[in-house]
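Coordinates as given in start-v4.txt (compact mmCIF, C-alpha atoms):
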```txt
# COMPACT_ATOMS: atom_id res chain seq x y z
CA MET A 1 109.13 108.74 98.00
CA SER A 2 112.17 106.74 97.08
CA PHE A 3 114.63 106.02 99.84
CA ILE A 4 118.29 106.24 98.91
CA ASN A 5 120.55 104.65 101.45
CA TYR A 6 124.16 105.65 100.76
CA SER A 7 125.21 103.64 103.77
CA SER A 8 123.92 100.26 102.60
CA ARG A 9 124.07 101.36 98.94
CA GLU A 10 120.41 100.66 98.24
CA ILE A 11 117.65 102.41 96.33
CA ASN A 12 114.18 101.56 97.59
CA CYS A 13 111.09 102.46 95.59
CA LYS A 14 107.37 101.89 96.10
CA ILE A 15 105.04 100.86 93.29
CA VAL A 16 101.29 100.65 93.81
CA TYR A 17 98.92 98.57 91.69
CA TYR A 18 95.54 100.34 91.55
CA GLY A 19 92.25 99.40 89.89
CA PRO A 20 88.64 98.32 90.44
CA GLY A 21 87.67 95.28 92.49
CA LEU A 22 88.55 91.92 90.90
CA CYS A 23 90.56 93.50 88.05
CA GLY A 24 93.61 91.34 88.79
CA LYS A 25 95.97 93.44 90.92
CA THR A 26 96.72 90.61 93.33
CA THR A 27 97.00 88.19 90.39
CA ASN A 28 99.74 90.40 88.90
CA LEU A 29 101.72 90.21 92.13
CA GLN A 30 101.13 86.48 92.50
CA TYR A 31 102.45 85.85 89.01
CA ILE A 32 105.54 88.00 89.65
CA TYR A 33 106.09 86.15 92.92
CA ASN A 34 105.79 82.73 91.28
CA LYS A 35 108.13 83.56 88.43
CA THR A 36 110.89 85.33 90.36
CA ASN A 37 114.04 83.65 91.65
CA PRO A 38 113.87 83.02 95.40
CA GLU A 39 116.96 85.17 96.01
CA ALA A 40 115.37 88.18 94.31
CA LYS A 41 112.16 88.25 96.31
CA GLY A 42 110.91 88.33 99.85
CA LYS A 43 107.74 86.85 101.23
CA MET A 44 104.48 87.93 99.61
CA ILE A 45 102.02 89.17 102.16
CA SER A 46 98.29 89.34 101.48
CA LEU A 47 96.00 90.97 103.98
CA ALA A 48 92.81 89.48 102.60
CA THR A 49 89.33 88.51 103.77
CA GLU A 50 88.26 84.88 104.16
CA THR A 51 87.01 84.99 100.59
CA GLU A 52 90.42 86.17 99.36
CA ARG A 53 89.36 89.72 98.62
CA THR A 54 92.13 92.18 99.47
CA LEU A 55 91.27 93.82 102.79
CA PHE A 56 94.21 96.18 103.25
CA PHE A 57 97.05 95.43 100.84
CA ASP A 58 99.28 92.83 99.23
CA PHE A 59 103.00 93.37 99.54
CA LEU A 60 105.88 91.91 97.56
CA PRO A 61 109.49 93.03 97.96
CA LEU A 62 111.57 92.54 94.84
CA SER A 63 115.25 93.06 93.99
CA LEU A 64 115.99 94.02 90.42
CA GLY A 65 119.78 93.94 90.54
CA GLU A 66 122.41 96.65 90.79
CA ILE A 67 122.68 99.99 89.11
CA ARG A 68 125.95 101.91 89.52
CA GLY A 69 126.77 99.84 92.61
CA PHE A 70 123.38 100.46 94.23
CA LYS A 71 121.00 97.56 94.85
CA THR A 72 117.56 98.44 93.48
CA ARG A 73 114.69 97.22 95.60
CA PHE A 74 111.08 97.67 94.61
CA HIS A 75 108.26 97.27 97.07
CA LEU A 76 105.10 96.32 95.19
CA TYR A 77 101.76 97.01 96.84
CA THR A 78 98.18 96.50 95.74
CA VAL A 79 95.22 98.44 97.07
CA PRO A 80 91.85 96.91 97.95
CA GLY A 81 89.71 97.55 94.89
CA GLN A 82 86.28 97.53 96.45
CA VAL A 83 84.74 100.99 96.62
CA PHE A 84 84.17 101.06 100.39
CA TYR A 85 87.86 100.55 101.23
CA ASP A 86 88.75 104.06 100.13
CA ALA A 87 90.35 105.05 103.44
CA SER A 88 92.79 102.15 103.11
CA ARG A 89 93.61 103.04 99.50
CA LYS A 90 94.60 106.55 100.53
CA LEU A 91 97.01 105.18 103.13
CA ILE A 92 98.69 102.85 100.67
CA LEU A 93 99.33 105.66 98.18
CA LYS A 94 101.46 107.51 100.74
CA GLY A 95 105.05 107.73 99.57
CA VAL A 96 104.32 106.12 96.20
CA ASP A 97 106.97 106.35 93.46
CA GLY A 98 105.07 104.74 90.59
CA VAL A 99 101.52 103.61 89.84
CA VAL A 100 100.15 100.77 87.71
CA PHE A 101 96.47 101.09 86.86
CA VAL A 102 95.06 97.64 86.16
CA ALA A 103 91.89 97.94 84.11
CA ASP A 104 89.35 95.16 83.70
CA SER A 105 88.78 94.77 79.94
CA GLN A 106 85.24 93.44 80.29
CA ILE A 107 82.66 95.81 78.81
CA GLU A 108 80.44 95.61 81.89
CA ARG A 109 83.35 96.76 84.08
CA MET A 110 83.95 99.97 82.15
CA GLU A 111 82.12 102.13 84.66
CA ALA A 112 84.06 100.54 87.50
CA ASN A 113 87.31 101.27 85.64
CA ILE A 114 86.43 104.92 85.15
CA GLU A 115 85.29 105.29 88.74
CA SER A 116 88.51 103.73 90.02
CA LEU A 117 90.67 105.90 87.77
CA ASP A 118 88.88 109.05 89.01
CA ASN A 119 89.36 107.80 92.54
CA LEU A 120 93.09 107.28 91.90
CA ARG A 121 93.46 110.81 90.59
CA THR A 122 91.57 112.28 93.56
CA ASN A 123 93.42 110.24 96.16
CA LEU A 124 96.80 111.12 94.64
CA GLN A 125 95.85 114.79 94.64
CA GLU A 126 95.04 114.57 98.34
CA GLN A 127 98.61 113.41 98.93
CA GLY A 128 99.97 116.20 96.74
CA TYR A 129 100.69 114.07 93.67
CA ASN A 130 99.57 114.66 90.12
CA LEU A 131 98.76 111.56 88.07
CA ASP A 132 99.99 113.34 84.94
CA LYS A 133 103.41 113.87 86.48
CA ILE A 134 104.30 110.71 88.37
CA PRO A 135 105.61 107.47 86.79
CA TYR A 136 102.43 105.77 85.66
CA VAL A 137 101.47 102.89 83.33
CA VAL A 138 98.21 101.12 82.43
CA GLN A 139 97.45 97.45 81.95
CA TYR A 140 94.29 96.24 80.19
CA ASN A 141 93.80 92.92 81.92
CA LYS A 142 91.61 89.92 81.07
CA ARG A 143 92.13 90.26 77.31
CA ASP A 144 91.22 86.56 76.96
CA LEU A 145 87.61 87.02 78.03
CA PRO A 146 85.01 86.99 75.25
CA ASN A 147 83.26 90.10 76.57
CA SER A 148 86.38 92.26 76.59
CA ALA A 149 86.11 95.69 74.96
CA PRO A 150 88.35 96.57 71.99
CA LEU A 151 91.77 97.91 73.01
CA GLU A 152 91.25 101.16 71.15
CA GLU A 153 88.09 101.88 73.09
CA LEU A 154 89.85 101.15 76.39
CA ARG A 155 92.75 103.37 75.38
CA SER A 156 90.60 106.35 74.52
CA LEU A 157 88.55 106.00 77.70
CA LEU A 158 91.23 105.12 80.23
CA ASN A 159 94.48 106.40 78.81
CA PRO A 160 93.88 109.76 77.14
CA GLN A 161 97.31 110.98 78.27
CA LYS A 162 98.87 108.05 76.39
CA VAL A 163 101.18 106.69 79.06
CA PRO A 164 102.80 103.31 78.34
CA ASP A 165 100.03 100.69 78.26
CA PHE A 166 99.92 96.93 77.91
CA PRO A 167 97.27 94.32 77.16
CA GLY A 168 97.41 91.56 79.73
CA ILE A 169 96.15 88.21 80.89
CA ALA A 170 97.56 88.33 84.39
CA ALA A 171 96.43 84.84 85.32
CA MET A 172 98.59 83.46 82.48
CA GLY A 173 101.31 86.05 82.98
CA ASP A 174 100.76 87.87 79.68
CA GLY A 175 101.85 91.49 79.99
CA VAL A 176 102.67 91.20 83.69
CA PHE A 177 106.43 91.67 83.45
CA ASP A 178 106.12 94.17 80.59
CA THR A 179 103.97 96.30 82.86
CA LEU A 180 106.32 95.98 85.83
CA LYS A 181 109.42 96.74 83.76
CA ALA A 182 107.78 99.80 82.21
CA VAL A 183 106.82 101.35 85.54
CA ALA A 184 110.16 100.45 87.15
CA LYS A 185 111.98 102.11 84.25
CA LEU A 186 109.88 105.26 84.61
CA VAL A 187 110.59 105.35 88.35
CA LEU A 188 114.35 105.02 87.82
CA THR A 189 114.28 107.61 85.06
CA GLU A 190 112.48 109.99 87.43
CA LEU A 191 115.18 109.31 90.04
CA LYS A 192 117.80 110.10 87.44
CA ARG A 193 116.12 113.42 86.77
CA GLY A 194 116.40 114.12 90.48
CA GLY A 195 112.71 113.59 91.26
CA MET B 1 106.87 115.46 93.80
CA ALA B 2 104.82 115.51 96.95
CA SER B 3 107.49 114.57 99.42
CA PRO B 4 111.23 114.94 99.29
CA GLN B 5 113.34 111.91 98.77
CA MET B 6 114.57 110.26 101.92
CA VAL B 7 118.29 109.69 102.09
CA MET B 8 120.60 108.02 104.57
CA TYR B 9 124.33 108.66 104.88
CA ASP B 10 127.04 106.56 106.53
CA GLU B 11 127.49 108.87 109.50
CA GLU B 12 123.79 109.05 110.42
CA ALA B 13 123.32 105.33 109.74
CA ARG B 14 126.11 104.65 112.23
CA GLN B 15 124.60 106.98 114.83
CA ILE B 16 121.16 105.41 114.45
CA GLN B 17 122.71 101.96 114.75
CA LEU B 18 124.42 102.97 118.00
CA VAL B 19 121.11 104.19 119.45
CA CYS B 20 119.44 100.91 118.43
CA ASP B 21 122.20 98.80 119.94
CA ARG B 22 122.07 100.74 123.19
CA LEU B 23 118.27 100.61 123.36
CA SER B 24 118.31 96.88 122.68
CA ARG B 25 120.76 96.36 125.53
CA ASP B 26 119.29 98.82 128.04
CA ALA B 27 115.71 97.64 127.50
CA ASN B 28 116.65 93.93 127.61
CA ALA B 29 114.90 93.71 124.26
CA LYS B 30 114.92 90.80 121.83
CA ALA B 31 115.23 93.16 118.90
CA VAL B 32 114.93 96.79 117.91
CA LEU B 33 113.97 98.04 114.46
CA VAL B 34 113.90 101.53 112.99
CA ILE B 35 111.60 101.79 109.97
CA ASP B 36 110.65 104.72 107.80
CA LYS B 37 106.94 105.57 107.66
CA ASN B 38 106.66 104.03 104.18
CA GLY B 39 107.85 100.67 105.45
CA GLN B 40 111.52 100.72 104.48
CA PRO B 41 113.83 99.23 107.10
CA ILE B 42 116.50 101.70 108.29
CA ALA B 43 118.30 99.95 111.15
CA GLN B 44 118.02 96.82 113.25
CA SER B 45 119.64 95.44 116.35
CA GLY B 46 119.44 92.35 118.58
CA GLU B 47 118.18 88.92 117.59
CA THR B 48 117.08 89.73 114.06
CA ASP B 49 118.55 86.74 112.18
CA HIS B 50 115.34 84.74 112.39
CA LEU B 51 113.13 87.77 111.67
CA ASP B 52 111.68 88.64 108.27
CA VAL B 53 112.59 92.31 108.72
CA THR B 54 111.28 93.39 105.31
CA SER B 55 107.81 91.98 105.93
CA LEU B 56 107.75 93.18 109.53
CA SER B 57 108.66 96.69 108.38
CA SER B 58 105.97 96.83 105.72
CA LEU B 59 103.26 95.47 108.01
CA THR B 60 104.26 97.75 110.88
CA ALA B 61 104.17 100.78 108.59
CA GLY B 62 100.73 99.67 107.35
CA ASN B 63 99.60 99.26 110.93
CA VAL B 64 100.90 102.70 111.92
CA ALA B 65 99.29 104.26 108.84
CA ALA B 66 95.94 102.62 109.67
CA THR B 67 96.17 103.73 113.30
CA GLY B 68 97.03 107.23 112.09
CA GLY B 69 93.91 107.11 109.93
CA ILE B 70 91.82 106.16 112.95
CA ALA B 71 93.38 109.01 114.96
CA LYS B 72 92.45 111.46 112.23
CA LEU B 73 88.84 110.26 112.23
CA LEU B 74 88.75 110.79 115.99
CA ALA B 75 90.29 114.27 115.62
CA GLU B 76 93.45 113.14 117.39
CA ASN B 77 96.78 114.26 116.02
CA GLU B 78 98.24 110.78 116.08
CA PHE B 79 98.51 107.93 118.54
CA SER B 80 102.16 108.12 119.42
CA GLY B 81 102.48 104.55 120.63
CA GLN B 82 101.09 101.04 120.36
CA PHE B 83 101.63 97.92 122.41
CA HIS B 84 100.83 94.36 121.35
CA GLU B 85 101.01 91.64 123.96
CA GLY B 86 101.81 88.13 122.83
CA GLN B 87 102.33 84.88 124.72
CA LYS B 88 106.06 84.93 124.16
CA THR B 89 106.84 88.17 122.40
CA ASN B 90 105.51 91.66 122.97
CA VAL B 91 105.81 94.54 120.55
CA HIS B 92 106.13 98.22 121.41
CA ILE B 93 105.70 100.58 118.47
CA SER B 94 106.25 104.33 118.60
CA ILE B 95 106.58 107.16 116.12
CA VAL B 96 109.71 109.26 116.37
CA ALA B 97 109.87 112.85 115.16
CA GLN B 98 106.78 112.12 113.00
CA ARG B 99 109.18 110.52 110.55
CA VAL B 100 110.28 107.05 111.57
CA ILE B 101 108.85 104.14 113.50
CA LEU B 102 110.71 102.61 116.41
CA VAL B 103 109.81 98.97 117.11
CA VAL B 104 110.95 97.08 120.20
CA LEU B 105 110.35 93.34 120.47
CA PHE B 106 110.71 92.00 124.00
CA ASP B 107 109.85 88.97 126.14
CA GLU B 108 109.65 88.12 129.85
CA ARG B 109 113.25 89.23 130.35
CA SER B 110 111.97 92.80 130.16
CA SER B 111 108.82 94.75 130.98
CA LEU B 112 106.62 97.34 129.32
CA GLY B 113 107.67 99.92 131.91
CA LEU B 114 111.37 99.46 131.23
CA VAL B 115 110.84 99.47 127.46
CA ARG B 116 108.80 102.70 127.64
CA LEU B 117 111.45 104.36 129.76
CA ARG B 118 114.30 103.41 127.43
CA VAL B 119 112.29 104.20 124.29
CA ARG B 120 111.74 107.73 125.52
CA LYS B 121 115.47 108.36 125.79
CA ALA B 122 116.24 106.68 122.48
CA SER B 123 113.48 108.72 120.78
CA ASP B 124 115.09 111.97 121.89
CA GLU B 125 118.43 110.84 120.48
CA LEU B 126 116.88 109.64 117.22
CA THR B 127 115.00 112.92 116.84
CA ARG B 128 118.26 114.85 117.04
CA ILE B 129 119.93 112.58 114.48
CA LEU B 130 116.96 112.73 112.10
CA ASP B 131 116.70 116.52 112.32
CA ALA B 132 120.37 116.79 111.45
CA LEU B 133 119.91 114.29 108.60
CA VAL B 134 117.07 116.30 107.08
CA LYS B 135 119.12 119.50 107.22
CA LYS B 136 122.13 117.78 105.73
CA ALA B 137 120.10 116.27 102.89
CA ALA B 138 118.44 119.61 102.16
CA SER B 139 121.71 121.53 102.08
CA SER B 140 123.62 118.91 100.14
CA ASN B 141 124.43 120.24 96.72
CA ALA B 142 126.67 117.34 95.81
CA PRO B 143 125.49 116.01 92.46
CA SER B 144 123.41 112.88 92.91
CA VAL B 145 125.10 109.73 91.65
CA PHE B 146 121.80 109.03 89.96
CA ALA B 147 122.17 111.97 87.66
CA GLU B 148 124.87 109.89 85.95
CA ILE B 149 122.61 106.89 85.41
CA THR B 150 122.25 106.30 81.70
CA ASP B 151 119.27 104.85 79.90
CA GLU B 152 121.53 101.93 79.14
CA ASP B 153 122.12 101.31 82.87
CA ILE B 154 118.37 101.16 83.36
CA ASP B 155 117.88 98.89 80.35
CA ASN B 156 120.61 96.57 81.60
CA LEU B 157 118.62 95.95 84.77
CA PHE B 158 115.89 94.39 82.70
CA ASN B 159 117.93 92.15 80.47
CA ASP B 160 116.61 88.70 81.14
```
For the structure just supplied, provide its representation as structure tokens.
Amino acid sequence: MSFINYSSREINCKIVYYGPGLCGKTTNLQYIYNKTNPEAKGKMISLATETERTLFFDFLPLSLGEIRGFKTRFHLYTVPGQVFYDASRKLILKGVDGVVFVADSQIERMEANIESLDNLRTNLQEQGYNLDKIPYVVQYNKRDLPNSAPLEELRSLLNPQKVPDFPGIAAMGDGVFDTLKAVAKLVLTELKRGG
Amino acid sequence: MASPQMVMYDEEARQIQLVCDRLSRDANAKAVLVIDKNGQPIAQSGETDHLDVTSLSSLTAGNVAATGGIAKLLAENEFSGQFHEGQKTNVHISIVAQRVILVVLFDERSSLGLVRLRVRKASDELTRILDALVKKAASSNAPSVFAEITDEDIDNLFND
């Protein structure tokens, strides 16, 4: 649910990075944080376990500049990917404006990808959202690993609805900003349509 | 879309600000924040210069959402309030009109009893303002400025 503040002339939107455990959601946010001008970002918060697994969420506030005199602010969140944190994932999806599904390209993670995607669809439905209708993009991460599946196979399995998708190597930054820009554009376009 | 867009207009923003200022003064608080349930800051009052309001808002909303999740598991409607006691700063968190979160930061200059008392009054006022805001937003048929956004405007945002 975007928040339009006519008083402070701000548009605030919420984007959630979803995906199986260790697919690189936090890495996406860390890369964005490291490469963004200090004046355009706030503090990045990670609620993680001692072993740096996301426990609740990561949060990164980002300013993208002005549009028609309104400051656009995006709040980026990640969910914990591990299966047993499902209750937390549901909470983080509340009020979401756009979703990035980060897939792990490794062949042995295909089942985890599919399970996580099903879980995303179910959890969105519970909140009254339809994955086919909300701003949504896919990133195939870890393209540099030798055991990564061919892009076409990933596409047919994970992106049958053919939303914008991007190969990525989040640790090196490949595809990270392309993904963010694509989802942000979709969110703003939805806003334009009066969503 | 699942939930309607939240909007804030000048008039309601001013009214909410007045309630925050008064609460901050009457409760001897260090600071008062009003946050929407998704973690967006709406208003702030008191000593907020040194506060990272954006982070505080997001974490508080996460906290309230998690507590709400616990309430649901225990077949409670929601826990309407939370209190965290620190060595120097205490935090009182409450949900107003099931829509926004009211946060009061206070120290030894105040007390939990006083804060609770003042929060109750401020909550009633905020509820009235928020109800009016929802009605106003629903009945507004003024064309959204965003309808005029062009694809070019959006593209321009992303020019490096």
TODO: Please identify all polymer residues within 10 Å of Ser57 (chain B), counting all atoms listed in the file, omitting same-chain residues fewer than 4 positions from it, and present them as number ranges by chain.
DONE: B: 33-42, 52-53, 61-63, 101, 103
Open item on the list: Between A:Leu188, A:Ala40, A:Leu76, A:Ile15, which residue has the minimum interatomic distance to chain B, considering all atoms listed in the file?
Closed with: A:Leu188
- [ ] Could you jot down the CA of Lys162 (chain A) to CA of Thr78 (chain A) separation for me, Å, one decimal place?
- [x]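 Spanning CA of Lys162 (chain A) to CA of Thr78 (chain A) is a straight-line distance of 22.5 Å.
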TODO: Please measure the separation of CA of Arg53 (chain A) and CA of Ala112 (chain A), giving the value in Å to one decimal.
DONE: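 Spanning CA of Arg53 (chain A) to CA of Ala112 (chain A) is a straight-line distance of 16.4 Å.
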Task: Selected residue, from A:Ile32, A:Leu55, A:Ala48, A:Ile92, that lies nearest to chain B when counting all atoms listed in the file - done: A:Ile92
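Once region 91-94 of chain B and its same-chain neighbours fewer than 2 positions away are set aside, Thr60, Val64, Phe79, Ser80, Gly81, Gln82, Phe83, His84, Glu85, Gly86, Thr89, Val96, Val100, Ile101, Leu102, Val103, Val104, Leu105, Phe106, Asp107, Leu112, Val115, Arg116, Val119 and Ser123 of chain B remain within 9 Å of it when counting all atoms listed in the file.
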- [ ] Check every residue of chain B for an atom within 6 Å of chain A, counting all atoms listed in the file, and provide those that qualify as JSON, numbers by chain.
- [x] {"B": [2, 5, 6, 7, 8, 9, 10, 146, 147]}
